[in-house]
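Here's entry13.pdb, which has PDB, C-alpha atoms:
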MODEL        1
ATOM      1  CA  MET P1309     -94.565  92.838-145.898
ATOM      2  CA  GLN P1310     -97.522  95.151-145.424
ATOM      3  CA  GLN P1311     -98.241  96.599-142.007
ATOM      4  CA  HIS P1312    -101.547  98.029-140.828
ATOM      5  CA  ALA P1313    -101.941 101.361-139.086
ATOM      6  CA  MET P1314    -101.842 101.226-135.309
ATOM      7  CA  PRO P1315    -105.217 101.924-133.646
ATOM      8  CA  GLY P1316    -105.266 105.413-132.191
ATOM      9  CA  ALA P1317    -102.360 106.629-134.334
ATOM     10  CA  ARG P1318    -102.482 110.229-135.479
ATOM     11  CA  TYR P1319    -103.013 110.626-139.209
ATOM     12  CA  VAL P1320    -101.291 113.594-140.842
ATOM     13  CA  ASP P1321    -101.694 114.417-144.535
ATOM     14  CA  PRO P1322     -98.201 114.688-146.088
ATOM     15  CA  LYS P1323     -99.250 117.887-147.917
ATOM     16  CA  ILE P1324     -99.984 119.493-144.546
ATOM     17  CA  LEU P1325     -96.597 118.337-143.260
ATOM     18  CA  ALA P1326     -94.934 120.022-146.212
ATOM     19  CA  ARG P1327     -96.171 123.407-144.946
ATOM     20  CA  ILE P1328     -94.303 123.073-141.645
ATOM     21  CA  GLY P1329     -90.990 123.821-143.325
ATOM     22  CA  ASN P1330     -88.876 122.636-140.377
ATOM     23  CA  LEU P1331     -87.890 118.966-140.349
ATOM     24  CA  GLU P1332     -87.193 118.776-136.624
ATOM     25  CA  LEU P1333     -90.579 120.288-135.773
ATOM     26  CA  LEU P1334     -92.247 118.046-138.343
ATOM     27  CA  ALA P1335     -90.597 114.915-136.963
ATOM     28  CA  ARG P1336     -91.339 115.859-133.368
ATOM     29  CA  ASN P1337     -95.032 116.502-134.127
ATOM     30  CA  VAL P1338     -95.508 113.280-136.071
ATOM     31  CA  VAL P1339     -93.553 111.005-133.718
ATOM     32  CA  GLU P1340     -94.923 112.377-130.455
ATOM     33  CA  GLY P1341     -98.453 112.436-131.874
ATOM     34  CA  PHE P1342     -98.024 108.856-133.008
ATOM     35  CA  ILE P1343     -96.551 107.632-129.724
ATOM     36  CA  ASN P1344     -99.206 109.415-127.686
ATOM     37  CA  GLY P1345    -101.859 107.704-129.791
ATOM     38  CA  LEU P1346    -100.657 104.212-129.022
ATOM     39  CA  HIS P1347    -102.551 102.285-126.387
ATOM     40  CA  ARG P1348     -99.337 100.682-125.185
ATOM     41  CA  ALA P1349     -95.734 100.654-126.305
ATOM     42  CA  PRO P1350     -94.174  97.201-125.800
ATOM     43  CA  TYR P1351     -90.924  98.212-127.486
ATOM     44  CA  PHE P1352     -90.010 100.572-124.671
ATOM     45  CA  GLY P1353     -88.567  99.356-121.378
ATOM     46  CA  ALA P1354     -90.689  99.057-118.254
ATOM     47  CA  SER P1355     -88.794 101.972-116.783
ATOM     48  CA  ILE P1356     -86.346 104.582-117.999
ATOM     49  CA  ASP P1357     -83.383 102.301-117.314
ATOM     50  CA  PHE P1358     -84.421  98.655-117.464
ATOM     51  CA  ALA P1359     -84.890  97.285-120.999
ATOM     52  CA  GLU P1360     -85.283  93.486-120.954
ATOM     53  CA  HIS P1361     -84.108  90.109-119.664
ATOM     54  CA  ARG P1362     -81.889  87.639-121.459
ATOM     55  CA  GLY P1363     -80.611  84.203-120.538
ATOM     56  CA  TYR P1364     -77.506  83.988-118.338
ATOM     57  CA  VAL P1365     -74.303  82.890-120.059
ATOM     58  CA  PRO P1366     -70.963  82.037-118.361
ATOM     59  CA  GLY P1367     -68.985  85.213-117.753
ATOM     60  CA  ASP P1368     -71.983  87.442-117.010
ATOM     61  CA  ASP P1369     -71.823  89.565-113.874
ATOM     62  CA  ILE P1370     -73.858  87.615-111.290
ATOM     63  CA  ARG P1371     -74.930  90.937-109.760
ATOM     64  CA  ARG P1372     -77.194  91.338-112.797
ATOM     65  CA  VAL P1373     -79.005  88.034-112.228
ATOM     66  CA  ASP P1374     -82.701  88.587-111.463
ATOM     67  CA  TRP P1375     -83.075  86.364-108.392
ATOM     68  CA  ARG P1376     -86.810  86.989-108.111
ATOM     69  CA  LEU P1377     -87.282  85.706-111.644
ATOM     70  CA  TYR P1378     -85.045  82.735-110.785
ATOM     71  CA  ALA P1379     -87.284  81.919-107.808
ATOM     72  CA  ARG P1380     -90.308  81.818-110.141
ATOM     73  CA  THR P1381     -88.759  80.010-113.107
ATOM     74  CA  ASP P1382     -85.777  78.115-111.668
ATOM     75  CA  ARG P1383     -83.710  79.608-114.510
ATOM     76  CA  TYR P1384     -81.047  82.278-114.510
ATOM     77  CA  TYR P1385     -81.864  85.528-116.328
ATOM     78  CA  VAL P1386     -79.752  88.664-116.531
ATOM     79  CA  LYS P1387     -81.199  92.169-116.510
ATOM     80  CA  GLN P1388     -80.247  94.299-119.495
ATOM     81  CA  TYR P1389     -80.393  98.053-119.424
ATOM     82  CA  GLU P1390     -80.846 100.639-122.152
ATOM     83  CA  ALA P1391     -77.098 101.211-122.371
ATOM     84  CA  ASP P1392     -76.734  97.522-123.289
ATOM     85  CA  THR P1393     -79.421  97.510-125.980
ATOM     86  CA  ASN P1394     -78.815 100.834-127.732
ATOM     87  CA  THR P1395     -77.730 100.348-131.302
ATOM     88  CA  ASN P1396     -76.762 102.160-134.469
ATOM     89  CA  PHE P1397     -79.599 103.305-136.707
ATOM     90  CA  CYS P1398     -78.911 104.615-140.199
ATOM     91  CA  VAL P1399     -81.170 105.784-143.025
ATOM     92  CA  LEU P1400     -80.059 104.820-146.541
ATOM     93  CA  LEU P1401     -81.881 107.339-148.727
ATOM     94  CA  ASP P1402     -82.150 107.120-152.515
ATOM     95  CA  VAL P1403     -81.853 110.631-154.007
ATOM     96  CA  SER P1404     -81.718 109.540-157.666
ATOM     97  CA  ARG P1405     -83.582 111.546-160.311
ATOM     98  CA  SER P1406     -86.716 109.372-160.309
ATOM     99  CA  MET P1407     -87.316 110.263-156.644
ATOM    100  CA  GLY P1408     -88.158 113.808-157.751
ATOM    101  CA  PHE P1409     -91.440 112.743-159.351
ATOM    102  CA  ALA P1410     -94.638 114.292-157.970
ATOM    103  CA  SER P1411     -98.190 114.074-159.339
ATOM    104  CA  ARG P1412     -99.981 115.681-156.368
ATOM    105  CA  GLY P1413     -97.703 118.397-155.052
ATOM    106  CA  ILE P1414     -95.349 116.350-152.878
ATOM    107  CA  SER P1415     -92.479 114.426-154.463
ATOM    108  CA  LYS P1416     -91.266 110.984-153.509
ATOM    109  CA  LEU P1417     -88.063 112.561-152.213
ATOM    110  CA  GLU P1418     -89.946 115.032-149.988
ATOM    111  CA  TYR P1419     -92.050 112.208-148.589
ATOM    112  CA  ALA P1420     -88.929 110.083-148.110
ATOM    113  CA  CYS P1421     -87.249 112.954-146.252
ATOM    114  CA  PHE P1422     -90.276 113.370-143.959
ATOM    115  CA  LEU P1423     -90.205 109.625-143.291
ATOM    116  CA  SER P1424     -86.441 109.586-142.707
ATOM    117  CA  ALA P1425     -86.652 112.539-140.322
ATOM    118  CA  CYS P1426     -89.394 110.815-138.307
ATOM    119  CA  LEU P1427     -87.526 107.500-138.146
ATOM    120  CA  SER P1428     -84.313 109.258-137.092
ATOM    121  CA  PHE P1429     -86.098 111.331-134.457
ATOM    122  CA  LEU P1430     -87.809 108.222-133.129
ATOM    123  CA  ALA P1431     -84.529 106.265-132.991
ATOM    124  CA  HIS P1432     -82.860 109.199-131.207
ATOM    125  CA  ARG P1433     -85.780 109.284-128.779
ATOM    126  CA  GLN P1434     -85.075 105.602-128.048
ATOM    127  CA  ARG P1435     -81.443 106.592-127.375
ATOM    128  CA  ASP P1436     -80.067 104.874-130.449
ATOM    129  CA  ARG P1437     -77.208 106.436-132.386
ATOM    130  CA  VAL P1438     -78.439 107.919-135.688
ATOM    131  CA  GLY P1439     -76.802 108.466-139.061
ATOM    132  CA  ILE P1440     -77.655 108.773-142.748
ATOM    133  CA  VAL P1441     -76.337 107.931-146.201
ATOM    134  CA  THR P1442     -77.794 109.558-149.325
ATOM    135  CA  PHE P1443     -76.958 108.044-152.697
ATOM    136  CA  ASP P1444     -77.738 108.021-156.408
ATOM    137  CA  SER P1445     -75.141 106.422-158.695
ATOM    138  CA  GLU P1446     -72.630 107.077-155.911
ATOM    139  CA  ILE P1447     -72.617 108.044-152.243
ATOM    140  CA  VAL P1448     -73.637 111.717-151.947
ATOM    141  CA  ASP P1449     -73.584 112.250-148.166
ATOM    142  CA  HIS P1450     -72.455 109.977-145.358
ATOM    143  CA  VAL P1451     -73.091 110.856-141.699
ATOM    144  CA  PRO P1452     -71.974 107.949-139.464
ATOM    145  CA  PRO P1453     -74.296 106.980-136.584
ATOM    146  CA  SER P1454     -73.713 108.912-133.360
ATOM    147  CA  ALA P1455     -75.726 109.953-130.327
ATOM    148  CA  LYS P1456     -74.937 113.564-131.288
ATOM    149  CA  HIS P1457     -75.772 113.460-134.996
ATOM    150  CA  LEU P1458     -79.543 114.020-135.117
ATOM    151  CA  ASP P1459     -79.137 117.699-136.071
ATOM    152  CA  ILE P1460     -76.650 116.798-138.818
ATOM    153  CA  VAL P1461     -78.982 114.079-140.125
ATOM    154  CA  LEU P1462     -81.891 116.534-140.270
ATOM    155  CA  HIS P1463     -79.696 119.139-141.981
ATOM    156  CA  THR P1464     -78.615 116.537-144.553
ATOM    157  CA  LEU P1465     -82.252 115.686-145.245
ATOM    158  CA  ASP P1466     -83.178 119.353-145.483
ATOM    159  CA  ARG P1467     -80.756 119.936-148.360
ATOM    160  CA  ALA P1468     -81.250 116.598-150.130
ATOM    161  CA  SER P1469     -82.032 116.980-153.829
ATOM    162  CA  THR P1470     -82.192 114.858-156.966
ATOM    163  CA  ARG P1471     -79.399 115.425-159.474
ATOM    164  CA  ARG P1472     -78.803 112.362-161.634
ATOM    165  CA  SER P1473     -79.859 108.792-162.311
ATOM    166  CA  GLY P1474     -79.037 106.200-159.703
ATOM    167  CA  SER P1475     -78.168 102.580-159.092
ATOM    168  CA  LEU P1476     -78.671 100.471-156.006
ATOM    169  CA  ARG P1477     -75.355  98.768-156.787
ATOM    170  CA  VAL P1478     -73.729 101.581-154.837
ATOM    171  CA  LEU P1479     -75.095  99.939-151.680
ATOM    172  CA  THR P1480     -72.506  97.190-151.984
ATOM    173  CA  ASP P1481     -69.856  99.855-151.361
ATOM    174  CA  LEU P1482     -71.513 100.709-148.047
ATOM    175  CA  ALA P1483     -71.090  97.283-146.502
ATOM    176  CA  GLU P1484     -67.633  98.118-145.135
ATOM    177  CA  HIS P1485     -69.160 101.018-143.147
ATOM    178  CA  PHE P1486     -71.643  98.785-141.322
ATOM    179  CA  LYS P1487     -69.554  95.972-139.929
ATOM    180  CA  ARG P1488     -70.899  96.800-136.487
ATOM    181  CA  ARG P1489     -74.435  95.428-136.275
ATOM    182  CA  SER P1490     -76.885  98.194-137.146
ATOM    183  CA  ILE P1491     -80.512  98.803-137.999
ATOM    184  CA  LEU P1492     -80.641 100.140-141.568
ATOM    185  CA  ALA P1493     -83.746 101.780-143.068
ATOM    186  CA  LEU P1494     -83.501 101.714-146.870
ATOM    187  CA  VAL P1495     -85.860 104.242-148.529
ATOM    188  CA  SER P1496     -86.170 104.096-152.322
ATOM    189  CA  ASP P1497     -88.594 103.832-155.252
ATOM    190  CA  PHE P1498     -86.725 100.681-156.417
ATOM    191  CA  TYR P1499     -86.649 101.425-160.128
ATOM    192  CA  GLU P1500     -84.699  98.225-160.741
ATOM    193  CA  GLU P1501     -85.427  94.536-161.221
ATOM    194  CA  PRO P1502     -86.144  92.675-157.947
ATOM    195  CA  ASP P1503     -83.165  90.328-158.440
ATOM    196  CA  ALA P1504     -80.840  93.311-158.915
ATOM    197  CA  VAL P1505     -82.283  94.981-155.803
ATOM    198  CA  LEU P1506     -81.687  91.877-153.716
ATOM    199  CA  GLU P1507     -78.126  91.460-154.973
ATOM    200  CA  ALA P1508     -77.423  95.085-154.024
ATOM    201  CA  VAL P1509     -78.668  94.728-150.438
ATOM    202  CA  LYS P1510     -77.323  91.241-149.706
ATOM    203  CA  PRO P1511     -73.898  92.411-148.466
ATOM    204  CA  LEU P1512     -75.579  94.706-145.919
ATOM    205  CA  ARG P1513     -77.916  91.981-144.701
ATOM    206  CA  PHE P1514     -75.323  89.222-144.537
ATOM    207  CA  LEU P1515     -73.069  91.270-142.273
ATOM    208  CA  GLY P1516     -75.720  90.810-139.589
ATOM    209  CA  ASN P1517     -77.429  94.169-140.023
ATOM    210  CA  ASP P1518     -81.191  94.364-139.632
ATOM    211  CA  LEU P1519     -82.584  95.854-142.831
ATOM    212  CA  ILE P1520     -85.989  97.551-142.987
ATOM    213  CA  VAL P1521     -87.149  98.564-146.466
ATOM    214  CA  PHE P1522     -89.586 101.350-147.374
ATOM    215  CA  HIS P1523     -90.736 101.367-151.008
ATOM    216  CA  VAL P1524     -91.974 104.890-151.778
ATOM    217  CA  LEU P1525     -94.213 105.400-154.808
ATOM    218  CA  ASP P1526     -96.388 108.236-156.077
ATOM    219  CA  PRO P1527    -100.141 107.432-156.410
ATOM    220  CA  ALA P1528     -99.895 107.941-160.182
ATOM    221  CA  GLU P1529     -97.176 105.278-160.321
ATOM    222  CA  ILE P1530     -99.369 102.830-158.414
ATOM    223  CA  ASP P1531    -102.728 103.420-160.154
ATOM    224  CA  PHE P1532    -101.719 105.078-163.476
ATOM    225  CA  THR P1533    -104.704 107.432-163.427
ATOM    226  CA  TYR P1534    -103.833 109.313-166.635
ATOM    227  CA  GLU P1535    -106.574 109.619-169.260
ATOM    228  CA  ASP P1536    -105.161 111.631-172.192
ATOM    229  CA  ALA P1537    -102.608 110.393-174.709
ATOM    230  CA  SER P1538     -99.275 112.107-174.145
ATOM    231  CA  ALA P1539     -95.516 111.613-174.013
ATOM    232  CA  PHE P1540     -94.104 110.162-170.794
ATOM    233  CA  GLU P1541     -90.522 110.755-169.723
ATOM    234  CA  ASP P1542     -88.251 108.115-168.230
ATOM    235  CA  LEU P1543     -87.120 109.906-165.062
ATOM    236  CA  GLU P1544     -83.788 108.108-164.989
ATOM    237  CA  SER P1545     -82.778 108.332-168.669
ATOM    238  CA  GLY P1546     -84.837 111.341-169.821
ATOM    239  CA  GLU P1547     -86.198 109.365-172.803
ATOM    240  CA  GLN P1548     -89.635 110.468-174.098
ATOM    241  CA  ILE P1549     -92.160 107.660-174.724
ATOM    242  CA  PRO P1550     -95.573 108.249-176.416
ATOM    243  CA  VAL P1551     -98.364 106.475-174.507
ATOM    244  CA  VAL P1552    -102.124 105.999-174.903
ATOM    245  CA  PRO P1553    -103.175 105.470-171.251
ATOM    246  CA  GLU P1554    -106.467 103.698-171.941
ATOM    247  CA  ALA P1555    -104.686 100.903-173.804
ATOM    248  CA  LEU P1556    -101.952 100.576-171.191
ATOM    249  CA  THR P1557    -103.617 101.113-167.807
ATOM    250  CA  GLU P1558    -104.488  97.527-166.861
ATOM    251  CA  GLN P1559    -101.220  96.151-168.216
ATOM    252  CA  TYR P1560     -99.297  98.800-166.250
ATOM    253  CA  ARG P1561    -101.131  98.083-162.994
ATOM    254  CA  THR P1562    -100.442  94.373-163.424
ATOM    255  CA  LEU P1563     -96.734  95.052-163.911
ATOM    256  CA  VAL P1564     -96.612  97.236-160.784
ATOM    257  CA  ARG P1565     -98.382  94.559-158.727
ATOM    258  CA  GLU P1566     -95.983  91.907-160.001
ATOM    259  CA  HIS P1567     -92.986  94.121-159.236
ATOM    260  CA  THR P1568     -94.036  94.955-155.668
ATOM    261  CA  THR P1569     -95.092  91.353-154.987
ATOM    262  CA  ALA P1570     -91.735  90.056-156.227
ATOM    263  CA  LEU P1571     -89.882  92.554-154.034
ATOM    264  CA  ALA P1572     -91.969  91.647-150.986
ATOM    265  CA  THR P1573     -91.371  87.920-151.576
ATOM    266  CA  LYS P1574     -87.618  88.222-152.066
ATOM    267  CA  PHE P1575     -87.188  90.483-149.038
ATOM    268  CA  SER P1576     -89.297  88.148-146.913
ATOM    269  CA  GLU P1577     -87.142  85.170-147.936
ATOM    270  CA  HIS P1578     -84.142  87.001-146.476
ATOM    271  CA  ARG P1579     -85.981  88.194-143.346
ATOM    272  CA  ILE P1580     -86.048  91.809-144.491
ATOM    273  CA  ASP P1581     -89.134  93.802-143.535
ATOM    274  CA  TYR P1582     -90.781  95.493-146.534
ATOM    275  CA  THR P1583     -93.437  98.224-146.598
ATOM    276  CA  LEU P1584     -94.941  99.786-149.727
ATOM    277  CA  LEU P1585     -95.793 103.466-149.156
ATOM    278  CA  ASN P1586     -98.006 105.778-151.193
ATOM    279  CA  THR P1587     -96.945 109.454-150.973
ATOM    280  CA  ALA P1588    -100.599 110.458-150.649
ATOM    281  CA  GLU P1589    -100.936 108.485-147.398
ATOM    282  CA  PRO P1590     -99.939 109.476-143.822
ATOM    283  CA  LEU P1591     -96.664 108.349-142.290
ATOM    284  CA  ASP P1592     -98.126 106.310-139.425
ATOM    285  CA  ARG P1593     -97.956 103.056-141.411
ATOM    286  CA  ALA P1594     -94.241 103.542-141.949
ATOM    287  CA  LEU P1595     -93.662 104.319-138.275
ATOM    288  CA  PHE P1596     -95.658 101.294-137.192
ATOM    289  CA  SER P1597     -93.666  99.112-139.586
ATOM    290  CA  TYR P1598     -90.411 100.350-138.094
ATOM    291  CA  LEU P1599     -91.608  99.986-134.512
ATOM    292  CA  SER P1600     -92.900  96.465-135.152
ATOM    293  CA  SER P1601     -89.495  95.529-136.562
ATOM    294  CA  ARG P1602     -87.753  97.313-133.682
ATOM    295  CA  ALA P1603     -89.787  95.301-131.181
ATOM    296  CA  LYS P1604     -88.737  92.048-132.823
ATOM    297  CA  LEU P1605     -85.111  93.143-132.919
ATOM    298  CA  VAL P1606     -85.069  93.942-129.216
ATOM    299  CA  HIS P1607     -86.306  90.448-128.390
ATOM    300  CA  VAL P1608     -83.811  88.575-130.587
ATOM    301  CA  ARG P1609     -80.678  90.378-129.418
TER     302      ARG P1609
ENDMDL
END

Would you write out, as structure tokens, the structure that this file holds?
Amino acid sequence: MQQHAMPGARYVDPKILARIGNLELLARNVVEGFINGLHRAPYFGASIDFAEHRGYVPGDDIRRVDWRLYARTDRYYVKQYEADTNTNFCVLLDVSRSMGFASRGISKLEYACFLSACLSFLAHRQRDRVGIVTFDSEIVDHVPPSAKHLDIVLHTLDRASTRRSGSLRVLTDLAEHFKRRSILALVSDFYEEPDAVLEAVKPLRFLGNDLIVFHVLDPAEIDFTYEDASAFEDLESGEQIPVVPEALTEQYRTLVREHTTALATKFSEHRIDYTLLNTAEPLDRALFSYLSSRAKLVHVR
């Protein structure tokens, strides 16, 4: 599902971000610039403590009933506070070999790390517990969500690197770690068939977790702007393939469109938010996608 940039959001070229060299500073600058650019922020509570109302159910403390709201609506509503609505947030970051590709100076993995740092900083700012899992063909790092783990998450991102080919099947092994309802941000280039991708994420989704997917691609992978005949390397297998770009360009673009459309459709069918990201574009679209999802999650709890 594509999301549009929020009016007033601050646009930052990823290549400029790469010069900052400090993930915490980068995340703080992007997130605070983005938040300050919003005209209003409906996903935050009306005050520092109060978060939202929900319907009264037997067993609730009657001291939390909003009697003024009852007088207006003739229905019982209970006040919820931030301590009640805080949740676990965890980034699931693909660090397989294909994520190392870069045609314009910044790799998919670098962009994914910038994105993950911003999402984690934003979740921490909203007082959620943050964690991270990096994976390729197996789990590389696992930092469980905690209110005190932002620094560890950022450190994990700072030393993330691509080493070998990967498989999303490893995600099925993660399901046992997320039995407590969490918000999971999956960041990958999805170099697998849409059906295989969906099968890999189903266990996470069916446990009641809210899954938000960010599909990170390099501009050359989206538009295939090459002009000269040359050998192309499969980033997962290392196989060299001779290609004449002029003969392949339109066919390639069609395949990419079909792949991303199929992913978007399958994720949508399972109520999973999907955003396609181009590493040449600013991060505000990704942040807006997450915040839009976050707003919906707050209201359905």

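One finds atom CA of P:Phe1397 at 19.6 Å from atom CA of P:Phe1342.
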
Of P:Glu1566, P:Glu1507, P:Asp1459, P:Glu1577, the one sitting nearest P:Glu1332 when using all atoms listed in the file is P:Asp1459

Might you spell out which residues the PyMOL selection byres ((chain P and resi 1336) around 12) would select in the displayed file, as a VMD selection string?
chain P and resid 1325 1328 1330 to 1335 1337 to 1344 1422 to 1423 1425 to 1433 1462

Please report the interatomic distance between atom CA of P:Ser1473 and atom CA of P:Asp1402 in Å with one decimal.
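Taking atom CA of P:Ser1473 as the start and atom CA of P:Asp1402 as the end point, the length is 10.2 Å.
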
Hey, could you pull the box centre and edge lengths for stretch 1422-1425 of chain P, axis-aligned, 5 Å padding per side, all listed atoms, to one decimal in Å, as JSON?
{"center_x": -88.4, "center_y": 111.5, "center_z": -142.1, "size_x": 13.8, "size_y": 13.8, "size_z": 13.6}

So how many Å separate atom CA of P:Asp1518 and atom CA of P:Ser1404, to one decimal?
23.6 Å

Any chance you could work out the residue set of the PyMOL selection byres ((chain P and resi 1405) around 6) here, as a PyMOL selection string?
chain P and resi 1404+1406-1408+1470-1473+1544

Given the file shown, enumerate the residues that the PyMOL selection byres ((chain P and resi 1526-1528) around 10) captures and present them as number ranges by chain.
P: 1407, 1409-1412, 1414-1416, 1419, 1497, 1524-1525, 1529-1534, 1585-1589

Looking at all atoms listed in the file, which of P:Gly1413, P:Val1505, P:Phe1575, P:Asn1517 is the one that sits closest to P:Arg1489?
P:Asn1517
